[in-house]
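Below is one structure, written out as structure tokens, with a few remarks after it.
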Amino acid sequence: MLVLDGVTKLYGGQPGVRDVSLTAPRGGRTVVVGPSGSGKTTLLRLIAGFENLDAGSLTLSHRSLCKAGQSVPPHRRNIAYVAQEGALFPHMSIGENIGFAVPKSDAGRSARIGELLERVGLPPEMIARRPHELSGGQQQRVALARALAQKPDLMLLDEPFSALDTGLREAMRDMVGDLLAEAGITTILVTHDQAEALAFADHLVVMRAGSVADAGPPQRLYAQPADVETARFLGEAIVVTGALENGVAHTPLGMIAVNHPDQGRAEILVRPEHIVLGPDGAKGVITHRAYRGAQWRLEIKPDADVPSIIVDVPATVEHQPGDVVFLQVAGKGHVFA
């Protein structure tokens, strides 16, 4: 278990990370997501030991790594780090790169290198190649194998899939997730990709301006975020104001069921997948459409005083810009406290 308590890092008197407290469960996958400048990479560097804390403490498996000016150096933390570019040694072969983390005195060293190469899905003939002879995805697999060779207590992934093509990125993400789960290694992934964060995380942390804006299971953060800004960061969000009464919100989009007992006015979150086109409801006009293969993505401007809404419909359903449609909300909306 990794525990951060009040972690703060200043740059020129300005906080890069400010009073961050979080727990990464043992064997789980924690994802830290946020816009550029939110402090997520700084947080990863503090955990790795590449930067020193200005305040707070950091503990891994009940072992203090940094507290009150005392810091364990990076090479003694048993933390593996996979960078965005892989950071392989260009003058070494693939086997030598992987073997860098395996003691030369280890009697089974060669077998261990071959086993790791196989686990990340690379053929044995690649063991003699150099990094420049591999594709970007293959280099990332080698970087992962080198990190696994270390048998770390904690794996840090710093946007390792961002330079890959979309299909390869998803395949790599799934493979890495399966490997780390099989090995039982606690993992922290930093990314700016919201979809990647939601797909990979057991525990999701959203950072904003150097602080934790919200944290918890990804399903909860998506459906019931702490604030409007977090809701909009994690996906398309429709936020309307309505009057609450007996578990229903009266809004410009009609009546929306909510799981909230209070009365009075409030902001309500509705995700686009909760919007359906029906025979009646709030009237709107299609202003734009985009073909997405299996779906049409429609931009609809309601008659009500709310922003345009994006709705996906099957490609078999023909709607044209200028058509009048009726919007209904299926499911429950989330009331911001």
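We label chains A, B, ... in the order they appear in the structure tokens, count residues from 1 in each chain, and number ligands from 1 in the order shown.
The environment of Val240 (chain A) within 9 Å, counting only C-alpha atoms and disregarding residues fewer than 5 places along the same chain, consists of Thr251, Pro252, Leu253, Ala266, Glu267, Ile268, Leu269, Val270 and Val306 of chain A.
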Would you mind exporting C-alpha atoms of the selected residues as a CSV table (one decimal), in the first residue's frame?
chain,number,residue,atom,x,y,z
A,251,THR,CA,-35.6,21.3,-15.5
A,252,PRO,CA,-35.6,22.8,-19.0
A,253,LEU,CA,-35.2,19.3,-20.3
A,266,ALA,CA,-29.6,22.8,-7.7
A,267,GLU,CA,-27.4,22.0,-10.6
A,268,ILE,CA,-28.0,18.5,-12.1
A,269,LEU,CA,-25.6,16.4,-14.2
A,270,VAL,CA,-26.9,14.4,-17.1
A,306,VAL,CA,-29.4,25.3,-22.3
**OP:** Please run DSSP on the backbone and report, as number ranges by chain, all residues within region 77-136 of chain A that come out as helix (DSSP H, G or I).
**Re:** A: 94-99, 109-119, 124-128, 131-133, 136
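Coordinates place CA of Gly39 (chain A) at a distance of 17.0 Å from CA of Leu234 (chain A).
Between CA of Gly242 (chain A) and CA of Glu229 (chain A) lies a distance of 18.5 Å.
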Quick one: which region 58-170 of chain A residues come within 10 Å of region 195-202 of chain A, and what is the nearest atom pair for each with the distance in Å to one decimal, counting only C-alpha atoms, rows ordered by chain and ascending number, as a tab-separated table?
residue	atom	partner	partner_atom	distance
A:Glu159	CA	A:Glu196	CA	10.0
A:Phe161	CA	A:Glu196	CA	9.3
A:Ser162	CA	A:Glu196	CA	9.7
A:Arg169	CA	A:Glu196	CA	9.1
A:Glu170	CA	A:Glu196	CA	8.1
Need to verify the contact set: region 74-79 of chain A, 7 Å, only C-alpha atoms, exclusion of same-chain residues closer than 6 positions in sequence. Can you return it as JSON, numbers by chain? {"A": [48, 49, 50, 152, 153, 154, 155]}
Serialized selection, N, CA and C atoms, as an mmCIF file, in the first residue's frame:
data_model
loop_
_atom_site.group_PDB
_atom_site.id
_atom_site.type_symbol
_atom_site.label_atom_id
_atom_site.label_comp_id
_atom_site.auth_asym_id
_atom_site.auth_seq_id
_atom_site.Cartn_x
_atom_site.Cartn_y
_atom_site.Cartn_z
ATOM 1 N N ALA A 48 8.677 8.467 -7.090
ATOM 2 C CA ALA A 48 9.859 7.755 -7.574
ATOM 3 C C ALA A 48 11.124 8.171 -6.832
ATOM 4 N N GLY A 49 11.113 9.377 -6.251
ATOM 5 C CA GLY A 49 12.298 9.878 -5.566
ATOM 6 C C GLY A 49 13.153 10.790 -6.417
ATOM 7 N N PHE A 50 12.658 11.156 -7.622
ATOM 8 C CA PHE A 50 13.401 12.060 -8.490
ATOM 9 C C PHE A 50 13.325 13.502 -7.978
ATOM 10 N N PRO A 152 9.392 -5.156 -8.704
ATOM 11 C CA PRO A 152 9.170 -3.971 -7.862
ATOM 12 C C PRO A 152 7.990 -4.134 -6.917
ATOM 13 N N ASP A 153 8.017 -3.330 -5.859
ATOM 14 C CA ASP A 153 6.853 -3.226 -4.978
ATOM 15 C C ASP A 153 5.800 -2.308 -5.588
ATOM 16 N N LEU A 154 6.247 -1.411 -6.458
ATOM 17 C CA LEU A 154 5.351 -0.412 -7.045
ATOM 18 C C LEU A 154 5.801 -0.127 -8.472
ATOM 19 N N MET A 155 4.837 -0.061 -9.398
ATOM 20 C CA MET A 155 5.116 0.260 -10.798
ATOM 21 C C MET A 155 4.524 1.638 -11.109
#
*Can you list, as a PyMOL selection string, every protein, DNA or RNA residue that comes within 9 Å of Ala282 (chain A) when you count only C-alpha atoms, leaving out same-chain residues fewer than 2 positions away?*
chain A and resi 252-254+280+284+302-304+325-328
